[in-house]
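Just start-v6.txt here, compact mmCIF, C-alpha atoms:
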```txt
# COMPACT_ATOMS: atom_id res chain seq x y z
CA MET A 1 41.04 5.40 15.76
CA ALA A 2 40.31 1.77 16.52
CA GLY A 3 37.66 2.58 19.09
CA ASN A 4 39.80 2.97 22.21
CA GLU A 5 41.07 6.51 21.67
CA ARG A 6 39.48 9.24 23.78
CA THR A 7 37.46 11.68 21.73
CA ILE A 8 37.29 14.26 24.53
CA ALA A 9 39.70 15.07 27.36
CA TRP A 10 40.70 17.80 29.81
CA THR A 11 44.26 19.05 29.30
CA GLY A 12 44.56 21.13 32.45
CA ASP A 13 43.46 24.45 30.99
CA ALA A 14 41.46 23.44 27.92
CA LEU A 15 38.95 20.90 26.65
CA ARG A 16 40.47 18.88 23.81
CA ILE A 17 38.08 17.33 21.30
CA ILE A 18 38.31 15.65 17.93
CA ASP A 19 36.95 18.11 15.37
CA GLN A 20 34.32 15.93 13.74
CA THR A 21 33.62 18.50 11.03
CA ALA A 22 37.10 17.84 9.57
CA LEU A 23 36.56 14.09 9.17
CA PRO A 24 37.08 11.96 7.20
CA GLY A 25 39.63 14.12 5.39
CA ARG A 26 41.69 15.08 8.43
CA LEU A 27 41.99 13.93 12.03
CA GLU A 28 42.30 17.21 13.90
CA TYR A 29 41.98 18.20 17.53
CA LEU A 30 40.61 21.44 18.94
CA ASP A 31 41.71 22.88 22.27
CA LEU A 32 38.75 24.89 23.56
CA ARG A 33 39.58 27.51 26.18
CA ASP A 34 36.40 29.52 26.52
CA VAL A 35 32.69 28.90 26.71
CA GLY A 36 31.91 30.59 23.40
CA GLU A 37 34.25 28.20 21.59
CA LEU A 38 32.63 25.20 23.28
CA VAL A 39 29.08 26.31 22.49
CA CYS A 40 30.06 26.88 18.84
CA ALA A 41 31.68 23.43 18.76
CA ILE A 42 28.54 21.83 20.16
CA GLN A 43 26.13 23.66 17.88
CA GLY A 44 28.40 23.25 14.84
CA LEU A 45 28.72 19.49 15.55
CA ALA A 46 32.47 19.50 16.05
CA VAL A 47 31.51 17.48 19.13
CA ARG A 48 28.25 15.55 19.03
CA GLY A 49 26.51 12.41 20.25
CA ALA A 50 24.57 12.25 23.50
CA PRO A 51 27.26 10.66 25.73
CA ALA A 52 30.03 12.87 24.30
CA LEU A 53 27.86 15.93 24.88
CA GLY A 54 27.43 14.85 28.49
CA ALA A 55 31.17 14.75 29.04
CA ALA A 56 31.61 18.04 27.16
CA GLY A 57 28.97 19.68 29.32
CA ALA A 58 30.61 18.55 32.55
CA TYR A 59 34.04 19.75 31.45
CA GLY A 60 32.37 22.89 30.13
CA VAL A 61 31.51 23.91 33.69
CA ALA A 62 35.22 23.76 34.55
CA LEU A 63 35.93 25.73 31.39
CA ALA A 64 33.50 28.46 32.50
CA MET A 65 35.16 28.60 35.91
CA CYS A 66 38.63 28.91 34.40
CA GLN A 67 37.53 31.59 31.96
CA GLY A 68 35.78 33.46 34.75
CA ALA A 69 38.96 33.44 36.84
CA ARG A 70 41.02 34.74 33.91
CA GLN A 71 38.60 37.48 32.99
CA GLY A 72 37.44 38.52 36.45
CA TRP A 73 33.82 37.41 36.16
CA ASP A 74 31.50 37.49 39.14
CA GLU A 75 29.46 34.45 40.12
CA HIS A 76 26.48 35.59 38.05
CA ALA A 77 28.58 35.78 34.88
CA VAL A 78 29.99 32.32 35.53
CA ALA A 79 26.49 30.94 36.13
CA ALA A 80 25.30 32.51 32.86
CA ALA A 81 28.20 30.89 31.00
CA VAL A 82 27.36 27.51 32.55
CA ASP A 83 23.75 27.92 31.39
CA GLN A 84 24.98 28.64 27.87
CA VAL A 85 26.70 25.27 27.86
CA ARG A 86 23.70 23.50 29.42
CA THR A 87 21.28 24.75 26.75
CA ALA A 88 23.55 24.58 23.69
CA ARG A 89 21.48 21.74 22.20
CA PRO A 90 18.05 20.72 23.50
CA THR A 91 17.27 17.14 22.48
CA ALA A 92 20.03 15.01 24.04
CA VAL A 93 19.35 14.70 27.77
CA ASN A 94 23.00 13.95 28.65
CA LEU A 95 24.22 17.51 28.12
CA ALA A 96 21.97 19.18 30.69
CA ALA A 97 22.10 16.20 33.06
CA ALA A 98 25.90 16.19 33.21
CA VAL A 99 26.05 19.95 33.77
CA ASP A 100 23.52 19.60 36.59
CA ARG A 101 25.58 16.79 38.12
CA VAL A 102 28.77 18.86 38.44
CA VAL A 103 27.29 22.29 39.27
CA PRO A 104 26.95 21.48 43.02
CA LEU A 105 30.73 20.90 43.09
CA MET A 106 31.62 24.35 41.80
CA ALA A 107 32.02 25.69 45.33
CA ALA A 108 34.76 23.10 45.89
CA GLY A 109 36.79 24.43 42.96
CA VAL A 110 37.80 23.53 39.43
CA ALA A 111 39.65 20.38 40.47
CA ALA A 112 36.50 18.93 42.03
CA VAL A 113 34.45 19.67 38.91
CA VAL A 114 37.09 18.15 36.64
CA ALA A 115 37.29 15.04 38.83
CA GLU A 116 33.54 14.53 38.53
CA ALA A 117 33.70 15.14 34.77
CA ASP A 118 36.46 12.53 34.58
CA ALA A 119 34.14 10.15 36.44
CA ILE A 120 31.34 10.82 33.94
CA ALA A 121 33.73 10.06 31.07
CA ALA A 122 34.99 6.87 32.74
CA GLU A 123 31.44 5.72 33.45
CA ASP A 124 30.60 6.24 29.80
CA VAL A 125 33.50 4.07 28.66
CA ALA A 126 32.51 1.28 31.05
CA ALA A 127 28.86 1.54 30.00
CA ASN A 128 29.77 1.34 26.31
CA ARG A 129 31.85 -1.78 26.80
CA ALA A 130 29.12 -3.43 28.86
CA MET A 131 26.32 -2.65 26.41
CA GLY A 132 28.48 -3.84 23.52
CA ALA A 133 28.78 -7.25 25.13
CA ARG A 134 25.11 -7.39 26.20
CA GLY A 135 23.88 -6.36 22.78
CA ALA A 136 26.09 -8.85 21.00
CA ASP A 137 24.96 -11.63 23.34
CA TRP A 138 21.28 -10.76 22.76
CA LEU A 139 21.67 -10.69 18.98
CA GLN A 140 23.67 -13.90 18.96
CA THR A 141 20.96 -15.64 20.96
CA ARG A 142 18.08 -14.06 19.03
CA LEU A 143 19.37 -14.38 15.47
CA LEU A 144 21.89 -17.20 15.35
CA THR A 145 21.01 -20.83 15.91
CA SER A 146 22.05 -22.31 19.23
CA THR A 147 23.13 -25.53 17.53
CA ALA A 148 25.66 -23.81 15.27
CA SER A 149 29.28 -23.80 16.26
CA SER A 150 30.91 -20.63 17.50
CA PRO A 151 33.82 -19.13 15.57
CA SER A 152 36.22 -20.29 18.28
CA SER A 153 34.89 -23.83 18.67
CA SER A 154 35.58 -27.02 16.72
CA PRO A 155 33.95 -27.46 13.28
CA ALA A 156 30.20 -28.05 13.22
CA PRO A 157 29.10 -31.70 13.19
CA ALA A 158 28.00 -33.20 9.90
CA GLY A 159 24.54 -32.00 8.95
CA VAL A 160 24.69 -28.87 11.14
CA GLU A 161 24.99 -25.60 9.23
CA PRO A 162 27.86 -23.46 10.53
CA ARG A 163 26.87 -20.22 12.13
CA ARG A 164 26.50 -17.50 9.52
CA ARG A 165 27.49 -13.90 10.00
CA LEU A 166 25.10 -10.99 10.45
CA ARG A 167 24.14 -8.24 8.04
CA LEU A 168 23.58 -5.04 10.01
CA LEU A 169 22.19 -1.58 9.25
CA THR A 170 22.93 1.56 11.22
CA HIS A 171 22.05 5.24 11.01
CA CYS A 172 23.99 8.39 11.84
CA ASN A 173 27.02 7.84 14.08
CA ALA A 174 26.79 6.01 17.40
CA GLY A 175 30.43 5.05 17.63
CA ALA A 176 33.47 6.22 19.58
CA LEU A 177 33.04 9.70 18.10
CA ALA A 178 29.61 10.02 19.70
CA THR A 179 30.91 8.97 23.11
CA THR A 180 34.13 9.32 25.06
CA GLU A 181 35.36 5.95 23.81
CA TRP A 182 34.18 2.75 22.03
CA GLY A 183 30.57 3.59 21.10
CA THR A 184 26.98 2.55 21.77
CA ALA A 185 25.39 0.99 18.68
CA LEU A 186 28.81 0.68 17.04
CA GLY A 187 30.09 -0.77 20.30
CA VAL A 188 27.73 -3.70 19.69
CA VAL A 189 28.94 -3.90 16.10
CA ARG A 190 32.59 -3.91 17.24
CA GLU A 191 31.88 -6.70 19.70
CA LEU A 192 30.11 -8.79 17.05
CA HIS A 193 33.03 -8.19 14.70
CA SER A 194 35.49 -9.36 17.37
CA ARG A 195 33.49 -12.62 17.51
CA GLY A 196 33.70 -13.03 13.73
CA LEU A 197 29.97 -12.47 13.32
CA VAL A 198 29.71 -9.45 11.00
CA GLU A 199 29.25 -10.00 7.28
CA VAL A 200 28.54 -6.37 6.36
CA VAL A 201 27.23 -3.15 7.85
CA TYR A 202 24.96 -0.95 5.73
CA ILE A 203 25.57 2.67 6.73
CA ASN A 204 22.95 5.27 5.94
CA GLU A 205 24.70 8.45 4.81
CA THR A 206 22.43 10.40 7.21
CA ARG A 207 21.27 13.75 5.96
CA PRO A 208 21.81 16.61 6.25
CA LEU A 209 25.43 16.49 7.46
CA LEU A 210 26.34 12.93 6.45
CA GLN A 211 27.42 11.68 9.86
CA GLY A 212 27.01 8.12 8.60
CA ALA A 213 28.98 8.54 5.38
CA ARG A 214 31.67 10.71 6.99
CA LEU A 215 31.99 9.44 10.55
CA THR A 216 30.60 5.91 10.86
CA ALA A 217 32.30 4.82 7.65
CA TRP A 218 35.56 6.36 8.91
CA GLU A 219 35.32 4.44 12.18
CA LEU A 220 34.43 1.12 10.56
CA ALA A 221 37.14 1.47 7.92
CA ARG A 222 39.76 2.01 10.62
CA ALA A 223 38.42 -0.99 12.54
CA GLY A 224 38.49 -3.21 9.43
CA ILE A 225 34.75 -3.90 9.54
CA PRO A 226 33.14 -4.54 6.11
CA HIS A 227 30.58 -1.88 5.26
CA ARG A 228 28.65 -0.18 2.49
CA VAL A 229 27.43 3.41 2.50
CA GLN A 230 23.98 4.02 1.08
CA VAL A 231 21.67 7.02 0.71
CA ASP A 232 19.04 7.35 3.42
CA GLY A 233 16.28 6.72 0.89
CA ALA A 234 17.65 3.23 0.18
CA ALA A 235 17.31 1.98 3.76
CA ALA A 236 13.71 0.75 3.60
CA SER A 237 14.36 -1.06 0.33
CA THR A 238 17.54 -2.69 1.63
CA ILE A 239 15.63 -3.93 4.68
CA CYS A 240 12.51 -5.11 2.86
CA ARG A 241 14.56 -6.90 0.16
CA GLY A 242 15.89 -9.17 2.90
CA LEU A 243 19.44 -7.84 2.83
CA VAL A 244 19.51 -6.93 6.53
CA ASP A 245 19.17 -9.09 9.66
CA VAL A 246 18.92 -6.28 12.21
CA ALA A 247 19.01 -2.49 12.38
CA ILE A 248 20.85 -1.02 15.35
CA ILE A 249 21.00 2.67 16.24
CA GLY A 250 21.90 4.92 19.15
CA ALA A 251 19.66 7.43 20.92
CA ASP A 252 19.73 11.02 22.14
CA ARG A 253 16.84 10.73 24.59
CA ILE A 254 14.55 7.88 25.59
CA ALA A 255 11.26 8.49 27.39
CA ALA A 256 10.04 6.36 30.30
CA ASN A 257 7.73 4.39 28.02
CA GLY A 258 10.54 3.48 25.60
CA ASP A 259 9.83 6.06 22.88
CA THR A 260 13.22 6.91 21.40
CA ALA A 261 14.57 10.12 19.86
CA ASN A 262 17.44 9.69 17.42
CA LYS A 263 18.77 11.32 14.27
CA ILE A 264 16.09 12.15 11.71
CA GLY A 265 15.38 9.12 9.55
CA SER A 266 15.43 6.59 12.38
CA LEU A 267 11.63 6.25 12.42
CA GLY A 268 11.54 5.19 8.77
CA ILE A 269 14.06 2.45 9.50
CA ALA A 270 11.94 1.18 12.40
CA LEU A 271 8.83 1.06 10.21
CA ALA A 272 10.69 -0.90 7.55
CA CYS A 273 12.01 -3.35 10.14
CA ALA A 274 8.49 -3.91 11.45
CA ASP A 275 7.26 -4.63 7.94
CA ALA A 276 10.16 -7.00 7.24
CA GLY A 277 9.86 -8.74 10.61
CA ILE A 278 13.44 -8.08 11.74
CA PRO A 279 14.62 -6.55 15.02
CA PHE A 280 15.02 -2.81 15.45
CA VAL A 281 17.51 -2.35 18.29
CA VAL A 282 18.49 0.79 20.21
CA ALA A 283 21.77 0.84 22.16
CA ALA A 284 22.16 3.63 24.69
CA PRO A 285 23.43 4.13 28.24
CA TRP A 286 20.98 4.52 31.11
CA THR A 287 21.97 8.21 31.27
CA THR A 288 20.14 8.73 27.97
CA ILE A 289 16.85 7.57 29.51
CA ASP A 290 14.74 10.45 30.81
CA LEU A 291 12.26 8.96 33.26
CA ALA A 292 10.76 12.41 33.82
CA LEU A 293 9.24 12.26 30.34
CA ARG A 294 6.25 9.97 30.06
CA SER A 295 6.43 9.62 26.28
CA GLY A 296 8.27 10.79 23.22
CA ALA A 297 5.69 13.51 22.67
CA GLU A 298 7.48 15.45 25.44
CA ILE A 299 10.94 15.22 23.88
CA PRO A 300 12.05 18.59 22.45
CA ILE A 301 13.05 18.28 18.80
CA GLU A 302 15.88 20.53 17.68
CA GLN A 303 15.24 22.50 14.51
CA ARG A 304 18.46 23.26 12.68
CA ALA A 305 19.28 25.94 10.11
CA GLU A 306 17.48 25.79 6.77
CA ASP A 307 20.78 26.22 4.92
CA GLU A 308 21.82 22.69 5.91
CA VAL A 309 19.21 21.25 3.53
CA LEU A 310 18.99 24.04 0.97
CA GLY A 311 22.66 23.81 0.00
CA TRP A 312 25.90 21.91 0.40
CA ALA A 313 29.46 23.06 1.15
CA GLY A 314 28.46 26.70 0.91
CA THR A 315 26.71 26.34 -2.47
CA ARG A 316 22.95 26.66 -2.68
CA THR A 317 21.33 23.67 -4.38
CA SER A 318 17.67 24.68 -4.00
CA PRO A 319 16.03 27.58 -5.84
CA GLU A 320 15.99 31.00 -4.24
CA GLY A 321 12.71 31.37 -2.42
CA SER A 322 12.54 27.69 -1.36
CA ARG A 323 12.26 27.19 2.39
CA GLY A 324 13.86 24.41 4.37
CA PHE A 325 12.44 22.12 7.05
CA ASN A 326 15.27 20.65 9.07
CA PRO A 327 14.34 18.75 12.25
CA ALA A 328 17.49 17.12 13.61
CA PHE A 329 15.69 14.21 15.26
CA ASP A 330 12.57 12.08 15.08
CA VAL A 331 10.87 9.87 17.68
CA THR A 332 10.35 6.14 17.21
CA PRO A 333 7.36 4.81 19.19
CA ALA A 334 8.13 2.12 21.75
CA ARG A 335 5.95 -0.39 19.90
CA LEU A 336 8.54 -0.42 17.11
CA VAL A 337 11.60 -0.83 19.38
CA THR A 338 12.34 -4.53 19.60
CA ALA A 339 15.08 -4.12 22.18
CA LEU A 340 16.79 -1.37 24.13
CA VAL A 341 20.33 -2.35 25.07
CA THR A 342 21.80 -0.58 28.09
CA GLU A 343 24.86 -1.31 30.23
CA THR A 344 22.70 -3.05 32.83
CA ALA A 345 20.14 -5.00 30.83
CA VAL A 346 18.37 -5.55 27.52
CA PHE A 347 14.77 -4.33 27.61
CA GLU A 348 12.42 -5.87 25.05
CA VAL A 349 10.45 -2.65 24.79
CA SER A 350 7.85 -3.63 22.19
CA ALA A 351 6.90 -6.56 24.43
CA GLY A 352 6.19 -4.17 27.31
CA ARG A 353 9.48 -4.22 29.20
CA THR A 354 10.09 -0.48 29.30
CA PRO A 355 12.57 1.60 31.32
CA ALA A 356 9.70 2.83 33.50
CA VAL A 357 8.66 -0.72 34.35
CA ALA A 358 12.24 -1.69 35.13
CA ASP A 359 12.72 1.40 37.30
CA SER A 360 9.53 0.75 39.27
CA LYS A 361 10.57 -2.86 39.93
CA ALA A 362 13.99 -1.71 41.08
CA ALA A 363 12.42 0.86 43.40
CA ALA A 364 10.19 -1.84 44.87
CA GLY A 365 13.28 -3.89 45.69
```
structure tokens encoding of this file:
Amino acid sequence: MAGNERTIAWTGDALRIIDQTALPGRLEYLDLRDVGELVCAIQGLAVRGAPALGAAGAYGVALAMCQGARQGWDEHAVAAAVDQVRTARPTAVNLAAAVDRVVPLMAAGVAAVVAEADAIAAEDVAANRAMGARGADWLQTRLLTSTASSPSSSPAPAGVEPRRRLRLLTHCNAGALATTEWGTALGVVRELHSRGLVEVVYINETRPLLQGARLTAWELARAGIPHRVQVDGAAASTICRGLVDVAIIGADRIAANGDTANKIGSLGIALACADAGIPFVVAAPWTTIDLALRSGAEIPIEQRAEDEVLGWAGTRTSPEGSRGFNPAFDVTPARLVTALVTETAVFEVSAGRTPAVADSKAAAG
């Protein structure tokens, strides 16, 4: 997948997704035909990533309606099935928001719900492309000298150092697999690569399920983008040794003040970036911003099964009697977020330009 293949689609009677638990060994698709299958796929991370979960949630409402028609459910049973989809995972705001967006169309029939879900997916693709370009422009302006020649221009004049390429670090997977197409943080990386501006991407393996080592590395390998996979514990050292120019991640929910929830381990990267004096950048669509939450303290943090950290591939690696602590996400305070890249603008959050401020200015006209 080079970044332009849909990771989620409606087939007419099923929701087709890439089974992300099979990667990188096999590229397999699942056709989900009932709500139980979809909820298991969401909770088991066969489909994951905030924007992808939004699309899955919207199509999931159509799935519940189709299943209800097949099995003779009444409206209360259908509503209960829709709520199962809506609450399958708590941290990413997109899942519940997308379900809520299509529910009012249920009275108009399955076709109307699917059409709105298609619109959500299309909006996500457009947003990803836009934020990729905006993020690349911001980084190019912020990190690369304005006097250097661009990759497509004539050679630099004598005495002017040619523009160098960037060394990036990312965490978890914020690529096409986490969206319907292209990617958020990896969308910025893809755009930089298309401009000839990527030297290397350091990929944190991302415990406990290795979404970085399995999924991000798979995407970058297929796109021909140079990368190195490292253990999560190496990230701070890699940054503070001066091997990284910028860290760029995605997000599952962003509060009005700019506090950002992302895969566990993101906060440590932000702290290291602050110490090293390099930008910590979040790329996420506006749909991931929850203006109803004043700060990250209000973001619900999903606690996953202890077995995910006490063992691997079905084999226990910790002693019997050991307990696991397995939060799926952490929250990075706004003061550590250098920039938030969305499809509409780049917000320099740590300098006080937060989503809430932008929204209030927009409301004021």
In terms of the shortest atom-to-atom distance over only C-alpha atoms, which of A:Phe280, A:Leu169, A:Ala136, A:Val246 is closest to A:Ala234? A:Leu169
Mind listing as a short mmCIF file (atom, residue, chain, number, x, y, z; two decimals) with C-alpha atoms, in the coordinates of the input all residues within 7 Å of (14.6, 4.4, 17.2), counting only C-alpha atoms?
```
data_model
loop_
_atom_site.label_atom_id
_atom_site.label_comp_id
_atom_site.auth_asym_id
_atom_site.auth_seq_id
_atom_site.Cartn_x
_atom_site.Cartn_y
_atom_site.Cartn_z
CA ILE A 249 21.00 2.67 16.24
CA ALA A 251 19.66 7.43 20.92
CA THR A 260 13.22 6.91 21.40
CA ALA A 261 14.57 10.12 19.86
CA ASN A 262 17.44 9.69 17.42
CA SER A 266 15.43 6.59 12.38
CA LEU A 267 11.63 6.25 12.42
CA ALA A 270 11.94 1.18 12.40
CA VAL A 282 18.49 0.79 20.21
CA VAL A 331 10.87 9.87 17.68
CA THR A 332 10.35 6.14 17.21
CA VAL A 337 11.60 -0.83 19.38
#
```
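Separating atom CA of A:Pro51 from atom CA of A:Gly109 is a distance of 24.0 Å.
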Mind checking which residues fall within 7 Å of stretch 255-258 of chain A, counting only C-alpha atoms, ignoring those fewer than 2 positions away in the same chain, and posting them as a PDB file with C-alpha atoms, keeping the file's coordinate frame?
```pdb
ATOM      1  CA  ARG A 253      16.840  10.730  24.590  1.00  0.00           C
ATOM      2  CA  THR A 260      13.220   6.910  21.400  1.00  0.00           C
ATOM      3  CA  ILE A 289      16.850   7.570  29.510  1.00  0.00           C
ATOM      4  CA  ASP A 290      14.740  10.450  30.810  1.00  0.00           C
ATOM      5  CA  LEU A 291      12.260   8.960  33.260  1.00  0.00           C
ATOM      6  CA  LEU A 293       9.240  12.260  30.340  1.00  0.00           C
ATOM      7  CA  ARG A 294       6.250   9.970  30.060  1.00  0.00           C
ATOM      8  CA  SER A 295       6.430   9.620  26.280  1.00  0.00           C
ATOM      9  CA  GLY A 296       8.270  10.790  23.220  1.00  0.00           C
ATOM     10  CA  ALA A 334       8.130   2.120  21.750  1.00  0.00           C
ATOM     11  CA  VAL A 349      10.450  -2.650  24.790  1.00  0.00           C
ATOM     12  CA  THR A 354      10.090  -0.480  29.300  1.00  0.00           C
ATOM     13  CA  PRO A 355      12.570   1.600  31.320  1.00  0.00           C
ATOM     14  CA  ALA A 356       9.700   2.830  33.500  1.00  0.00           C
TER      15      ALA A 356
END
```
Using only C-alpha atoms, determine which residues lie at most 7 Å from stretch 64-67 of chain A, disregarding the query and same-chain residues fewer than 4 positions distant; provide the list as JSON, numbers by chain. {"A": [34, 35, 60, 71, 78, 81, 82, 110]}
